[in-house]
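Some notes on the structure that comes next.
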Amino acid sequence: MDRADIAVIGTGPAGLEAAITGTLRNKKVLLLGSADLSMKLVRAHEIQNYLGFPAVRGEDLAKAFQAHLDQLGIGITEERVSAVYAMGDYFALQAGEKMLEARTVILATGVVQGKRLPGEEENLGRGVSYCATCDASLVKGKKVAVVGYSAREEAEAAFLSEICPEVLYFPMYPGTSPMPENVKVMAEKATALEKKDGAMLVKTGEKAYPVEAVFVLRDAVAPGQLVPGLETEGAHVKVNRRMESNLPGLFACGDITGTPYQYIKAAGEGNIAALSAVSYLDQRKN
Amino acid sequence: MVKKIDGQAFESEAKNAEVAVVDFNATWCGPCRMLSPVLESISEELGDQVSFYAVDVDENPEIAAEYRVQSIPNLVLMKKGAFVDQSIGFKPQAALTAWIRGNL
């Protein structure tokens, strides 16, 4: 695939406005997200302060956004981006098995709800992993635990059970499907992780389970995890007024940059982020 | 240049280097593949002060175990074979260069 000028990740108001502005400025835009746009927007009951749309239902605003995209011929590429690597003069975006490329990136993925477990971040890479397929071979033959936040992660636990004799699976959601024999589905929820005597402990309300490594797997990844090296403040990306992050060529807009979580603010920031990306691209040309 | 080494060369070369940065990686690891050109570029910048090596954890599980590599990519910085610091996961060039310089 050709290298895009601007990869926009996210299809809420911020991402859509960024894609529209980038396209109007004649840049080659790769818009990544969901064809359903943003579930948060679609489900919004009524929005009362979006300029030009008094008391509009989220669903209707989404339809108006879609019509705007159609009018400009902007398509949505339905890919889940799991990592963005700053390679220097371009960015590599991991989407499933594929690696996409873009000169600039605009992050508009919304804000990640949900907290990390105590002990999760400080033990990352030292017993806590976010990637079963990456780190599986390092725990071959050992007892491991998986903390899964969605049914999608059951496949990862099953994969680990092929190389580990015992896998403790802590579902953080209700209901699990049948799993391989050596995957033990736990009835308790994980509440904290701790490193003790070289082993990792998965703590629940009453008990602590020692394992070699813990895989914490969630759908939504925190921005600092999505883009290694990105400067963040809590759940938000640190940006300036031009929506520039600390990584040259990478911009952020919308809820991911912080409160207020308002649709019109998100769209406005999407506009700024795209214009900043355009000027970054134009400067590099000379 | 980042030199790919095995267990023997690790003992004889990497452990004797004044300052060595060892990239623990594997062929199937996506972030490792992205990190290697970045490290290659850093090695051109800092090659006169630091020796750069790459170790495949599948081929050399014993070295990975010795340095407690539990997650890759994993850069271990050592001086005369003594562990100084490690950097886990992909990082952009500027961040890694600063990390190495900070440990010199």
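Following the order of the structure tokens, chains are lettered A, B, ..., residues in each are numbered from 1, and ligands are numbered from 1.
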
Shell around Tyr53 of chain B at 6 Å using only C-alpha atoms, local window under 3 positions removed, as a PyMOL selection string: chain B and resi 2-4+22

In chain B, DSSP alpha helix (DSSP H) residues written as a PyMOL selection string: chain B and resi 7-12+30-46+61-66+93-102

Interface list for chain B, partner chain A, 9 Å threshold, only C-alpha atoms, as a list in words: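 For chain B, the answer reads Ala26, Trp28, Cys29, Gly30, Pro31, Met34, Leu35, Pro37, Val38, Val57, Asp58, Pro61, Ala64, Ala65, Arg68, Val69, Gln70, Ser71, Ile72, Pro73, Asn74, Ile88, Gly89, Phe90, Lys91, Pro92, Gln93, Ala94 and Ala95 of chain B.
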
Residue selection dump (N, CA and C atoms) as an mmCIF file, in the first residue's frame:
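Output file out.cif follows:
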data_model
loop_
_atom_site.group_PDB
_atom_site.id
_atom_site.type_symbol
_atom_site.label_atom_id
_atom_site.label_comp_id
_atom_site.auth_asym_id
_atom_site.auth_seq_id
_atom_site.Cartn_x
_atom_site.Cartn_y
_atom_site.Cartn_z
ATOM 1 N N ALA B 26 12.910 -11.165 18.358
ATOM 2 C CA ALA B 26 12.556 -12.421 17.694
ATOM 3 C C ALA B 26 11.970 -12.077 16.339
ATOM 4 N N TRP B 28 9.383 -13.104 14.807
ATOM 5 C CA TRP B 28 7.924 -13.021 14.701
ATOM 6 C C TRP B 28 7.351 -11.837 15.471
ATOM 7 N N CYS B 29 8.213 -11.051 16.100
ATOM 8 C CA CYS B 29 7.740 -9.976 16.972
ATOM 9 C C CYS B 29 7.644 -8.667 16.182
ATOM 10 N N GLY B 30 6.425 -8.192 15.962
ATOM 11 C CA GLY B 30 6.189 -6.995 15.151
ATOM 12 C C GLY B 30 6.939 -5.763 15.628
ATOM 13 N N PRO B 31 6.785 -5.382 16.901
ATOM 14 C CA PRO B 31 7.502 -4.194 17.393
ATOM 15 C C PRO B 31 9.019 -4.326 17.263
ATOM 16 N N MET B 34 10.061 -3.277 13.862
ATOM 17 C CA MET B 34 10.022 -1.830 13.688
ATOM 18 C C MET B 34 11.193 -1.166 14.409
ATOM 19 N N LEU B 35 11.600 -1.761 15.518
ATOM 20 C CA LEU B 35 12.684 -1.164 16.308
ATOM 21 C C LEU B 35 14.049 -1.319 15.626
ATOM 22 N N PRO B 37 15.325 -1.036 12.502
ATOM 23 C CA PRO B 37 15.892 0.068 11.694
ATOM 24 C C PRO B 37 16.179 1.319 12.527
ATOM 25 N N VAL B 38 15.380 1.549 13.570
ATOM 26 C CA VAL B 38 15.610 2.698 14.448
ATOM 27 C C VAL B 38 16.945 2.526 15.168
ATOM 28 N N VAL B 57 15.916 -14.218 20.855
ATOM 29 C CA VAL B 57 15.592 -14.924 22.108
ATOM 30 C C VAL B 57 15.200 -16.385 21.880
ATOM 31 N N ASP B 58 14.728 -16.703 20.674
ATOM 32 C CA ASP B 58 14.381 -18.091 20.386
ATOM 33 C C ASP B 58 15.641 -18.938 20.244
ATOM 34 N N PRO B 61 17.765 -18.708 24.339
ATOM 35 C CA PRO B 61 16.901 -18.517 25.518
ATOM 36 C C PRO B 61 17.691 -18.334 26.821
ATOM 37 N N ALA B 64 18.625 -14.683 27.312
ATOM 38 C CA ALA B 64 17.400 -13.953 27.654
ATOM 39 C C ALA B 64 17.036 -14.193 29.116
ATOM 40 N N ALA B 65 17.194 -15.434 29.563
ATOM 41 C CA ALA B 65 16.872 -15.768 30.956
ATOM 42 C C ALA B 65 17.852 -15.090 31.910
ATOM 43 N N ARG B 68 16.922 -11.675 32.423
ATOM 44 C CA ARG B 68 15.516 -11.567 32.830
ATOM 45 C C ARG B 68 14.647 -10.849 31.801
ATOM 46 N N VAL B 69 14.864 -11.220 30.560
ATOM 47 C CA VAL B 69 14.055 -10.643 29.498
ATOM 48 C C VAL B 69 12.718 -11.373 29.476
ATOM 49 N N GLN B 70 11.665 -10.669 29.859
ATOM 50 C CA GLN B 70 10.339 -11.285 29.919
ATOM 51 C C GLN B 70 9.404 -10.711 28.878
ATOM 52 N N SER B 71 9.877 -9.709 28.167
ATOM 53 C CA SER B 71 9.039 -9.047 27.187
ATOM 54 C C SER B 71 9.957 -8.471 26.120
ATOM 55 N N ILE B 72 9.597 -8.606 24.867
ATOM 56 C CA ILE B 72 10.433 -8.053 23.813
ATOM 57 C C ILE B 72 9.607 -7.135 22.927
ATOM 58 N N PRO B 73 10.225 -6.173 22.230
ATOM 59 C CA PRO B 73 11.668 -5.905 22.234
ATOM 60 C C PRO B 73 12.160 -5.380 23.577
ATOM 61 N N ASN B 74 13.404 -5.678 23.865
ATOM 62 C CA ASN B 74 13.985 -5.342 25.147
ATOM 63 C C ASN B 74 15.446 -4.986 24.911
ATOM 64 N N ILE B 88 12.188 -1.246 27.654
ATOM 65 C CA ILE B 88 11.253 -2.266 27.179
ATOM 66 C C ILE B 88 10.287 -1.691 26.144
ATOM 67 N N GLY B 89 10.105 -2.410 25.070
ATOM 68 C CA GLY B 89 9.146 -2.003 24.043
ATOM 69 C C GLY B 89 9.749 -1.064 23.010
ATOM 70 N N PHE B 90 8.972 -0.795 21.964
ATOM 71 C CA PHE B 90 9.417 0.136 20.929
ATOM 72 C C PHE B 90 9.469 1.541 21.495
ATOM 73 N N LYS B 91 10.495 2.287 21.119
ATOM 74 C CA LYS B 91 10.531 3.717 21.446
ATOM 75 C C LYS B 91 11.081 4.464 20.249
ATOM 76 N N PRO B 92 10.652 5.727 20.052
ATOM 77 C CA PRO B 92 11.185 6.493 18.932
ATOM 78 C C PRO B 92 12.675 6.796 19.127
ATOM 79 N N GLN B 93 13.323 7.124 18.012
ATOM 80 C CA GLN B 93 14.767 7.313 18.022
ATOM 81 C C GLN B 93 15.232 8.336 19.054
ATOM 82 N N ALA B 94 14.560 9.485 19.118
ATOM 83 C CA ALA B 94 15.008 10.542 20.023
ATOM 84 C C ALA B 94 14.992 10.055 21.474
ATOM 85 N N ALA B 95 13.944 9.317 21.833
ATOM 86 C CA ALA B 95 13.819 8.822 23.203
ATOM 87 C C ALA B 95 14.907 7.799 23.524
#

Within 9 Å of Ser87 of chain B using only C-alpha atoms, minus same-chain residues under 5 positions, as a ChimeraX atom specification: /B:73-77,96,99

Separation of atom CA of Val56 of chain A from atom CA of Ile20 of chain A, in Å and rounded to one decimal: 21.1 Å

Nearby residues (only C-alpha atoms) at most 10 Å from Ile256 of chain A, same-chain spacing under 3 positions excluded, as an MDAnalysis selection string: chainID A and resid 14 107:112 222:223 232 235:239 252:253 259 261 266

Filtering to N, CA and C atoms, could you give me those residues as an mmCIF file, in the first residue's frame?
data_model
loop_
_atom_site.group_PDB
_atom_site.id
_atom_site.type_symbol
_atom_site.label_atom_id
_atom_site.label_comp_id
_atom_site.auth_asym_id
_atom_site.auth_seq_id
_atom_site.Cartn_x
_atom_site.Cartn_y
_atom_site.Cartn_z
ATOM 1 N N ALA A 14 -14.145 14.432 15.819
ATOM 2 C CA ALA A 14 -12.780 14.945 15.648
ATOM 3 C C ALA A 14 -12.110 14.319 14.432
ATOM 4 N N LEU A 107 -4.457 11.340 15.849
ATOM 5 C CA LEU A 107 -5.140 10.443 16.783
ATOM 6 C C LEU A 107 -6.448 11.074 17.209
ATOM 7 N N ALA A 108 -7.552 10.374 16.964
ATOM 8 C CA ALA A 108 -8.868 10.873 17.355
ATOM 9 C C ALA A 108 -9.686 9.685 17.851
ATOM 10 N N THR A 109 -9.090 8.931 18.743
ATOM 11 C CA THR A 109 -9.690 7.662 19.154
ATOM 12 C C THR A 109 -10.645 7.792 20.332
ATOM 13 N N GLY A 110 -10.851 9.013 20.811
ATOM 14 C CA GLY A 110 -11.717 9.170 21.974
ATOM 15 C C GLY A 110 -10.966 8.865 23.247
ATOM 16 N N VAL A 111 -11.647 8.992 24.341
ATOM 17 C CA VAL A 111 -10.973 8.772 25.617
ATOM 18 C C VAL A 111 -11.229 7.345 26.077
ATOM 19 N N VAL A 112 -10.183 6.752 26.614
ATOM 20 C CA VAL A 112 -10.294 5.379 27.085
ATOM 21 C C VAL A 112 -10.927 5.374 28.468
ATOM 22 N N ALA A 222 -4.679 2.433 25.978
ATOM 23 C CA ALA A 222 -4.354 3.791 26.391
ATOM 24 C C ALA A 222 -3.443 4.427 25.337
ATOM 25 N N PRO A 223 -3.528 5.756 25.163
ATOM 26 C CA PRO A 223 -2.761 6.393 24.086
ATOM 27 C C PRO A 223 -1.257 6.147 24.155
ATOM 28 N N THR A 232 1.843 11.668 27.609
ATOM 29 C CA THR A 232 0.431 11.709 28.006
ATOM 30 C C THR A 232 0.292 12.333 29.392
ATOM 31 N N ALA A 235 -5.161 9.869 31.120
ATOM 32 C CA ALA A 235 -5.724 9.169 29.962
ATOM 33 C C ALA A 235 -5.640 10.002 28.688
ATOM 34 N N HIS A 236 -5.064 11.216 28.790
ATOM 35 C CA HIS A 236 -5.074 12.140 27.666
ATOM 36 C C HIS A 236 -3.702 12.341 27.029
ATOM 37 N N VAL A 237 -3.722 12.688 25.749
ATOM 38 C CA VAL A 237 -2.485 13.007 25.047
ATOM 39 C C VAL A 237 -2.158 14.473 25.311
ATOM 40 N N LYS A 238 -0.901 14.726 25.595
ATOM 41 C CA LYS A 238 -0.486 16.108 25.846
ATOM 42 C C LYS A 238 -0.289 16.804 24.495
ATOM 43 N N VAL A 239 -1.078 17.854 24.257
ATOM 44 C CA VAL A 239 -0.950 18.600 22.999
ATOM 45 C C VAL A 239 -0.893 20.095 23.295
ATOM 46 N N ALA A 252 -3.165 15.116 17.851
ATOM 47 C CA ALA A 252 -4.306 14.477 18.514
ATOM 48 C C ALA A 252 -5.422 15.491 18.624
ATOM 49 N N CYS A 253 -6.663 15.003 18.633
ATOM 50 C CA CYS A 253 -7.811 15.896 18.724
ATOM 51 C C CYS A 253 -9.014 15.156 19.279
ATOM 52 N N THR A 259 -10.808 17.182 28.607
ATOM 53 C CA THR A 259 -12.141 17.782 28.709
ATOM 54 C C THR A 259 -12.125 19.213 28.159
ATOM 55 N N TYR A 261 -15.577 17.164 27.109
ATOM 56 C CA TYR A 261 -15.935 16.159 26.119
ATOM 57 C C TYR A 261 -17.184 16.621 25.382
ATOM 58 N N ALA A 266 -14.623 18.763 19.791
ATOM 59 C CA ALA A 266 -13.884 17.699 19.107
ATOM 60 C C ALA A 266 -13.726 18.026 17.630
#
